[in-house]
Structures are given as C-alpha cells and as structure tokens.
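Novice: mmCIF, C-alpha atoms, file query_32.cif:
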data_structure
loop_
_atom_site.label_atom_id
_atom_site.label_comp_id
_atom_site.auth_asym_id
_atom_site.auth_seq_id
_atom_site.Cartn_x
_atom_site.Cartn_y
_atom_site.Cartn_z
CA MET P 24 -176.24 -128.94 -90.39
CA GLU P 25 -178.63 -126.08 -91.00
CA ASN P 26 -175.90 -123.54 -90.24
CA ILE P 27 -173.61 -125.21 -92.78
CA LYS P 28 -176.33 -124.99 -95.44
CA LYS P 29 -176.88 -121.31 -94.65
CA LEU P 30 -173.14 -120.67 -94.93
CA ILE P 31 -172.99 -122.44 -98.31
CA VAL P 32 -175.96 -120.41 -99.60
CA TYR P 33 -174.38 -117.21 -98.25
CA ARG P 34 -171.08 -118.00 -99.99
CA GLU P 35 -172.80 -118.73 -103.31
CA ASN P 36 -174.94 -115.60 -103.13
CA THR P 37 -171.95 -113.42 -102.28
CA SER P 38 -169.88 -114.97 -105.07
CA ASN P 39 -172.69 -114.31 -107.53
CA LYS P 40 -172.96 -110.69 -106.38
CA ILE P 41 -169.21 -110.15 -106.80
CA LYS P 42 -169.42 -111.87 -110.19
CA MET P 43 -172.23 -109.51 -111.20
CA ILE P 44 -170.17 -106.50 -110.06
CA ALA P 45 -167.18 -107.84 -111.98
CA GLY P 46 -169.41 -108.08 -115.06
CA TYR P 47 -170.48 -104.45 -114.74
CA VAL P 48 -166.86 -103.38 -114.19
CA TYR P 49 -165.82 -105.35 -117.29
CA ILE P 50 -168.48 -103.66 -119.44
CA LEU P 51 -167.66 -100.18 -118.10
CA SER P 52 -163.93 -100.70 -118.68
CA LEU P 53 -164.56 -101.97 -122.19
CA ILE P 54 -166.71 -98.94 -123.04
CA ILE P 55 -164.08 -96.47 -121.79
CA ILE P 56 -161.30 -98.27 -123.67
CA LEU P 57 -163.33 -98.30 -126.91
CA LEU P 58 -164.22 -94.62 -126.57
CA SER P 59 -160.62 -93.65 -125.83
CA ASN P 60 -159.27 -95.62 -128.78
CA THR P 61 -161.98 -94.33 -131.13
CA TYR P 62 -161.58 -90.70 -130.04
CA PRO P 63 -157.91 -89.92 -129.19
CA ALA P 64 -158.92 -86.41 -128.09
CA PHE P 65 -161.11 -87.97 -125.39
CA ASN P 66 -158.20 -90.12 -124.25
CA LYS P 67 -155.96 -87.06 -124.09
CA TYR P 68 -158.61 -85.06 -122.23
CA LEU P 69 -158.98 -87.75 -119.56
CA PHE P 70 -155.21 -87.92 -119.10
CA PHE P 71 -154.70 -84.17 -118.61
CA LEU P 72 -157.54 -84.07 -116.08
CA VAL P 73 -155.11 -85.75 -113.68
CA TYR P 74 -151.55 -85.23 -114.95
CA ASP P 75 -149.40 -83.01 -112.69
CA LYS P 76 -152.34 -81.20 -111.07
CA PHE P 77 -150.44 -80.51 -107.83
CA SER P 78 -147.46 -78.72 -109.34
CA SER P 79 -148.44 -75.31 -107.92
CA SER P 80 -146.46 -73.74 -105.09
CA GLY P 81 -147.54 -74.06 -101.48
CA ILE P 82 -146.94 -76.59 -98.72
CA LEU P 83 -150.12 -78.57 -99.42
CA TYR P 84 -149.41 -78.82 -103.16
CA VAL P 85 -145.79 -79.86 -102.51
CA PHE P 86 -146.99 -82.57 -100.10
CA LEU P 87 -149.66 -83.86 -102.51
CA ASN P 88 -147.22 -83.82 -105.41
CA ASP P 89 -144.62 -85.81 -103.45
CA PHE P 90 -147.32 -88.17 -102.17
CA MET P 91 -148.52 -88.93 -105.69
CA LYS P 92 -144.97 -89.57 -106.90
CA PHE P 93 -144.34 -91.85 -103.93
CA SER P 94 -147.62 -93.66 -104.61
CA ALA P 95 -146.76 -94.17 -108.26
CA TYR P 96 -143.29 -95.53 -107.56
CA TYR P 97 -143.31 -97.31 -104.20
CA MET P 98 -146.81 -97.73 -102.75
CA TRP P 99 -147.51 -101.02 -104.59
CA ILE P 100 -145.17 -102.67 -102.06
CA ILE P 101 -147.63 -102.11 -99.18
CA PRO P 102 -150.63 -104.00 -100.63
CA LEU P 103 -148.26 -106.71 -101.87
CA LEU P 104 -146.91 -107.23 -98.33
CA LEU P 105 -150.47 -107.33 -96.95
CA TYR P 106 -151.39 -109.86 -99.61
CA ILE P 107 -148.39 -112.04 -98.70
CA TYR P 108 -149.36 -111.85 -95.03
CA VAL P 109 -152.93 -113.03 -95.75
CA LEU P 110 -151.51 -115.74 -97.99
CA TYR P 111 -149.25 -116.89 -95.14
CA TYR P 112 -152.19 -116.82 -92.72
CA LEU P 113 -154.27 -119.00 -95.07
CA TRP P 114 -151.43 -121.50 -95.27
CA LYS P 115 -150.95 -121.41 -91.49
CA ILE P 116 -154.60 -122.27 -90.75
CA HIS P 117 -154.64 -124.90 -93.51
CA GLU P 118 -157.11 -123.03 -95.72
CA SER P 119 -157.01 -123.47 -99.47
CA ILE P 120 -154.94 -120.78 -101.17
CA LEU P 121 -156.09 -121.73 -104.68
CA TYR P 122 -158.71 -119.00 -104.87
CA PHE P 123 -156.38 -116.41 -103.39
CA VAL P 124 -153.63 -116.97 -105.96
CA SER P 125 -155.74 -117.90 -109.00
CA ILE P 126 -157.08 -114.45 -109.89
CA PRO P 127 -153.66 -112.70 -109.82
CA PHE P 128 -152.19 -115.61 -111.79
CA ILE P 129 -154.93 -115.60 -114.45
CA SER P 130 -154.73 -111.80 -114.66
CA PHE P 131 -150.97 -111.92 -115.21
CA ILE P 132 -151.29 -114.53 -117.99
CA LEU P 133 -154.06 -112.60 -119.75
CA SER P 134 -152.09 -109.36 -119.53
CA ARG P 135 -149.00 -110.95 -121.11
CA ILE P 136 -151.13 -112.33 -123.93
CA LEU P 137 -152.92 -109.02 -124.60
CA GLN P 138 -149.62 -107.12 -124.57
CA ARG P 139 -148.68 -108.98 -127.74
CA PHE P 140 -151.74 -107.65 -129.57
CA PHE P 141 -152.21 -104.15 -128.12
CA PHE P 142 -149.65 -101.38 -127.77
CA ASP P 143 -150.16 -98.05 -126.06
CA THR P 144 -147.45 -95.41 -126.25
CA ARG P 145 -146.60 -93.93 -122.90
CA PRO P 146 -148.32 -90.51 -122.56
CA TYR P 147 -145.11 -88.67 -121.71
CA ILE P 148 -143.75 -89.83 -125.09
CA GLU P 149 -146.95 -89.23 -127.04
CA TYR P 150 -147.57 -85.72 -125.66
CA HIS P 151 -143.88 -84.72 -125.31
CA ILE P 152 -144.14 -83.97 -121.61
CA LEU P 153 -141.84 -84.65 -118.68
CA PRO P 154 -142.68 -87.69 -116.53
CA LEU P 155 -142.56 -86.91 -112.84
CA ILE P 156 -140.73 -90.17 -112.04
CA HIS P 157 -138.55 -92.55 -114.03
CA VAL P 158 -140.79 -94.36 -116.52
CA SER P 159 -139.69 -96.94 -119.06
CA ALA P 160 -140.51 -96.40 -122.73
CA ASP P 161 -142.09 -99.81 -123.28
CA ASN P 162 -145.73 -100.77 -123.87
CA GLY P 163 -147.99 -98.99 -121.40
CA PHE P 164 -150.89 -101.42 -121.82
CA PRO P 165 -151.94 -102.63 -119.37
CA SER P 166 -150.68 -100.96 -116.21
CA ASP P 167 -148.83 -103.59 -114.17
CA HIS P 168 -149.21 -101.53 -110.99
CA ALA P 169 -152.97 -101.28 -111.46
CA LEU P 170 -153.16 -104.95 -112.43
CA LEU P 171 -151.43 -105.90 -109.18
CA VAL P 172 -153.67 -103.89 -106.84
CA PHE P 173 -156.90 -104.75 -108.69
CA SER P 174 -156.12 -108.49 -108.67
CA ILE P 175 -155.24 -108.33 -104.96
CA LEU P 176 -158.51 -106.51 -104.23
CA PHE P 177 -160.68 -108.98 -106.16
CA SER P 178 -158.98 -112.04 -104.72
CA SER P 179 -158.97 -110.66 -101.16
CA PHE P 180 -162.53 -109.40 -101.03
CA TYR P 181 -164.19 -112.80 -101.09
CA ILE P 182 -161.68 -114.48 -98.77
CA LEU P 183 -161.69 -111.72 -96.15
CA LYS P 184 -165.40 -110.98 -96.38
CA ILE P 185 -166.62 -114.57 -96.17
CA GLU P 186 -164.02 -117.18 -95.34
CA LEU P 187 -161.96 -115.28 -92.77
CA ARG P 188 -164.32 -112.60 -91.50
CA GLU P 189 -164.65 -114.37 -88.14
CA ARG P 190 -160.99 -115.36 -87.82
CA ILE P 191 -159.19 -112.16 -88.82
CA LYS P 192 -160.11 -109.39 -86.41
CA TYR P 193 -159.40 -106.58 -88.82
CA ALA P 194 -160.57 -108.28 -92.04
CA THR P 195 -162.89 -105.41 -92.99
CA ALA P 196 -160.15 -102.86 -92.33
CA VAL P 197 -157.78 -104.79 -94.61
CA ILE P 198 -160.41 -104.72 -97.37
CA TYR P 199 -160.72 -100.95 -97.02
CA PHE P 200 -156.93 -100.66 -97.23
CA PHE P 201 -156.96 -102.63 -100.48
CA ILE P 202 -159.75 -100.41 -101.85
CA PHE P 203 -157.71 -97.33 -100.94
CA PHE P 204 -154.62 -98.65 -102.72
CA SER P 205 -156.74 -99.67 -105.72
CA ILE P 206 -157.82 -96.04 -106.09
CA ILE P 207 -154.65 -94.12 -105.22
CA ILE P 208 -152.05 -96.18 -107.09
CA PRO P 209 -153.79 -96.19 -110.52
CA ILE P 210 -154.55 -92.45 -110.24
CA SER P 211 -150.95 -91.72 -109.29
CA ARG P 212 -149.67 -93.68 -112.31
CA VAL P 213 -151.67 -91.37 -114.56
CA TYR P 214 -150.66 -88.33 -112.51
CA VAL P 215 -146.93 -88.89 -113.10
CA GLY P 216 -147.39 -89.41 -116.84
CA ALA P 217 -146.73 -93.16 -116.88
CA HIS P 218 -150.11 -94.31 -118.20
CA HIS P 219 -153.25 -93.33 -120.05
CA TRP P 220 -156.56 -94.16 -118.42
CA THR P 221 -156.98 -96.86 -121.07
CA ASP P 222 -154.05 -98.71 -119.48
CA ILE P 223 -155.71 -98.48 -116.06
CA PHE P 224 -159.12 -99.61 -117.28
CA GLY P 225 -157.40 -102.28 -119.34
CA SER P 226 -156.01 -103.71 -116.10
CA LEU P 227 -159.44 -103.47 -114.49
CA LEU P 228 -160.98 -105.24 -117.47
CA ILE P 229 -158.43 -108.06 -117.30
CA VAL P 230 -158.87 -108.61 -113.56
CA SER P 231 -162.68 -108.55 -113.71
CA LEU P 232 -162.57 -111.03 -116.59
CA SER P 233 -160.16 -113.22 -114.61
CA TYR P 234 -162.56 -113.25 -111.69
CA ILE P 235 -165.49 -114.22 -113.94
CA ILE P 236 -163.44 -116.99 -115.55
CA TYR P 237 -162.28 -118.41 -112.23
CA ILE P 238 -165.70 -118.32 -110.54
CA SER P 239 -167.39 -119.85 -113.60
CA PHE P 240 -164.93 -122.76 -113.72
CA ALA P 241 -165.06 -123.19 -109.94
CA PHE P 242 -168.86 -123.48 -109.91
CA PHE P 243 -168.76 -125.81 -112.92
CA TYR P 244 -166.21 -128.04 -111.16
CA HIS P 245 -168.12 -128.18 -107.87
CA SER P 246 -171.45 -128.84 -109.59
CA LYS P 247 -170.09 -131.99 -111.28
#
Since I need it in another form, could you write the structure as structure tokens?
Specialist:
Amino acid sequence: MENIKKLIVYRENTSNKIKMIAGYVYILSLIIILLSNTYPAFNKYLFFLVYDKFSSSGILYVFLNDFMKFSAYYMWIIPLLLYIYVLYYLWKIHESILYFVSIPFISFILSRILQRFFFDTRPYIEYHILPLIHVSADNGFPSDHALLVFSILFSSFYILKIELRERIKYATAVIYFFIFFSIIIPISRVYVGAHHWTDIFGSLLIVSLSYIIYISFAFFYHSK
C-alpha cells in the first residue's frame, strides 16, 4: 500500500514538473513569436541563420545538405512509426491510451483553429529564394511537421518515463530518439526554406498549451 502511495505521489510530482516546463516553453515561444511579428527584420535574421548553410562544396557539406533535406521531407515518418509502436504496446498490455493520444489530438484541433486567424507566408515566397525541397505555397503557420514531433515528445515523455519505464527495456532510449527528432526535424524545415522560426515556435506553443490543458482537466476530473 505504501509503495502505491509513493508511486501516486511520484506521478503527480513528475506531471507537475512537466507542466511547469510546458509553461516555461509556452512563455518562451510566445515571446519569440511576438518579437518576430513585431520586428520582421528579427524574423528574417533568425531564418537566414539556418537557411541553406551547408550549400558549400565538400563531402561533409554535401552529406549535411542531403541529410537536412531528407530530414525535412521524410524523417517525420520515423517518430510516427515509433509512436504507433508504443501506442500498440499500450493497447496490448491493456494500458489506457487516452493520455497518449489526447495531446496530439488537442494540438491538431488547436492548430486548425489558429490557422484560420493567423497566416504566415512561406519564407521562400517572402524572400524570393529557392526552396531546397518541394514546399506548398499555403499557410506556413504552424509547422505541421514540428507539431507532430513536439506532440509525440510531450505525450511520450510521461508515459515512457513513469508508466512504462519498468516494462519497456529501452524506454529512456526511445525518449532520447524523440528529443533528437524534435530538434532535427524543425531545424531542417527552416533550413530548406519551408518555415520561419515563428511557425516552429507556434507549434511548440500549441503543444505546450495542449499539455497544460489536458493535465489541468485530468487533475480536475480525478480530484472530483
């Protein structure tokens, strides 16, 4: 009985810590978005810090350039497959999948709503540059690729760190994989000219807000 109480306290404390981190991420993302929208030159500066930086000649530059283009176009499939595997594992061991699917679902709904109120021209159109991969000319806000990997990371962290840390042998390694994808994929989307940083931080803002909303409602429900 005492071990169960300790586990419950541990879960609540960890959830609160992640919620606090999500709050800080939300505030940081909001500040960067406001600064970028207020000062377009700042937004442009941030974009060209990353865009096409590996276009020089040389084997290493060619490899990095190809890697970034691959990451921007195809790499989202890998974390999605890992996410589906963990989802299947949760279903197989009769664990609740509500938490695991709620954050991506809430994030998707919020992103579709915000898209109706905010429009960001794709940088390759705004700055008259050549995108390094095929990019549509629609609204760039928010980045769907970044939204996907961020929502997977937030939803997976709690499940793998707490609920399944004893049952999945490589749970920590999977978390690190998700962190890696959550860094590389958003950067690569800016690198190829598909998004401004405001689109990336917009996705991060949406996902962190989704996490806060879900955890707040979950604690309110369980406290009743």
Novice: Which of these residues is nearest to Leu87 in chain P, using only C-alpha atoms: P:Tyr214, P:Asp143, P:Ile116, P:Phe65?
Specialist: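 Of P:Tyr214, P:Asp143, P:Ile116, P:Phe65, the one nearest Leu87 in chain P is P:Tyr214, counting only C-alpha atoms.
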Novice: For the atom pair CA of Phe123 in chain P and CA of Ile198 in chain P, what is the interatomic distance in Å to one decimal place?
Specialist: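 These two atoms are separated by 13.8 Å.
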Novice: Go through P:Ser125, P:Asn60, P:Ser166, P:Ser134 and flag the residue nearest Phe224 in chain P, using all atoms listed in the file for the distances.
Specialist: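 Closest to Phe224 in chain P of all the choices is P:Ser166.
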Novice: From the list P:Ala169, P:Ile132, P:Ile202, P:Ile101, which residue is nearest His219 in chain P when using only C-alpha atoms?
Specialist: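 That would be P:Ala169, the residue with the smallest distance to His219 in chain P.
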Novice: Using the chain letters and numbers from the file, give me the residues hit by the PyMOL selection byres ((chain P and resi 231-235) around 10), as a PyMOL selection string.
Specialist: chain P and resi 38-39+41-50+52+122+125-133+173-174+177-178+225-230+236-241
Novice: List the residues selected by the PyMOL selection byres ((chain P and resi 92) around 7) in the file shown, writing them as a list of chain:residue names.
Specialist: P:Asn88, P:Asp89, P:Phe90, P:Met91, P:Phe93, P:Ser94, P:Ala95, P:Tyr96, P:Leu155, P:Ile156, P:Ser211, P:Val215
Novice: How about saving the chosen residues, C-alpha atoms kept, as a PDB file, keeping the file's coordinate frame?
Specialist:
ATOM      1  CA  ASN P  88    -147.220 -83.820-105.410  1.00  0.00           C
ATOM      2  CA  ASP P  89    -144.620 -85.810-103.450  1.00  0.00           C
ATOM      3  CA  PHE P  90    -147.320 -88.170-102.170  1.00  0.00           C
ATOM      4  CA  MET P  91    -148.520 -88.930-105.690  1.00  0.00           C
ATOM      5  CA  PHE P  93    -144.340 -91.850-103.930  1.00  0.00           C
ATOM      6  CA  SER P  94    -147.620 -93.660-104.610  1.00  0.00           C
ATOM      7  CA  ALA P  95    -146.760 -94.170-108.260  1.00  0.00           C
ATOM      8  CA  TYR P  96    -143.290 -95.530-107.560  1.00  0.00           C
ATOM      9  CA  LEU P 155    -142.560 -86.910-112.840  1.00  0.00           C
ATOM     10  CA  ILE P 156    -140.730 -90.170-112.040  1.00  0.00           C
ATOM     11  CA  SER P 211    -150.950 -91.720-109.290  1.00  0.00           C
ATOM     12  CA  VAL P 215    -146.930 -88.890-113.100  1.00  0.00           C
TER      13      VAL P 215
END
Novice: Taking the file as shown, find all residues satisfying the PyMOL selection byres ((chain P and resi 109) around 10) and write them as an MDAnalysis selection string.
Specialist: chainID P and resid 103:108 110:115 120 123 179 182:183 187 191 194 197
Novice: Go ahead and compute the interatomic distance for CA of Ile56 in chain P and CA of Thr221 in chain P, in Å to one decimal.
Specialist: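 Interatomic distance here is 5.2 Å.
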Novice: Choose the residue, out of P:Pro165, P:Arg212, P:Ser59, P:His157, that has the smallest atom-to-atom separation from Ile136 in chain P; count all atoms listed in the file.
Specialist: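 Closest to Ile136 in chain P of all the choices is P:Pro165.
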Novice: Measuring atom to atom with all atoms listed in the file, identify which of P:Gly216, P:Pro102, P:Pro146, P:Pro154 is nearest to Val172 in chain P.
Specialist: P:Pro102
Novice: Please measure the separation of CA of Thr37 in chain P and CA of Leu176 in chain P, giving the value in Å to one decimal.
Specialist: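 Taking CA of Thr37 in chain P and CA of Leu176 in chain P, their separation equals 15.2 Å.
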Novice: When you count only C-alpha atoms, which of these residues is closest to Ile148 in chain P: P:Tyr74, P:Tyr199, P:His218, P:Leu171?
Specialist: P:His218
Novice: Take every atom of range 137-145 of chain P listed in the file, fit an axis-aligned box around them, add 5 Å per side, and give the centre and edge lengths in Å to one decimal as JSON.
Specialist:
{"center_x": -149.8, "center_y": -101.5, "center_z": -126.2, "size_x": 16.3, "size_y": 25.1, "size_z": 16.7}
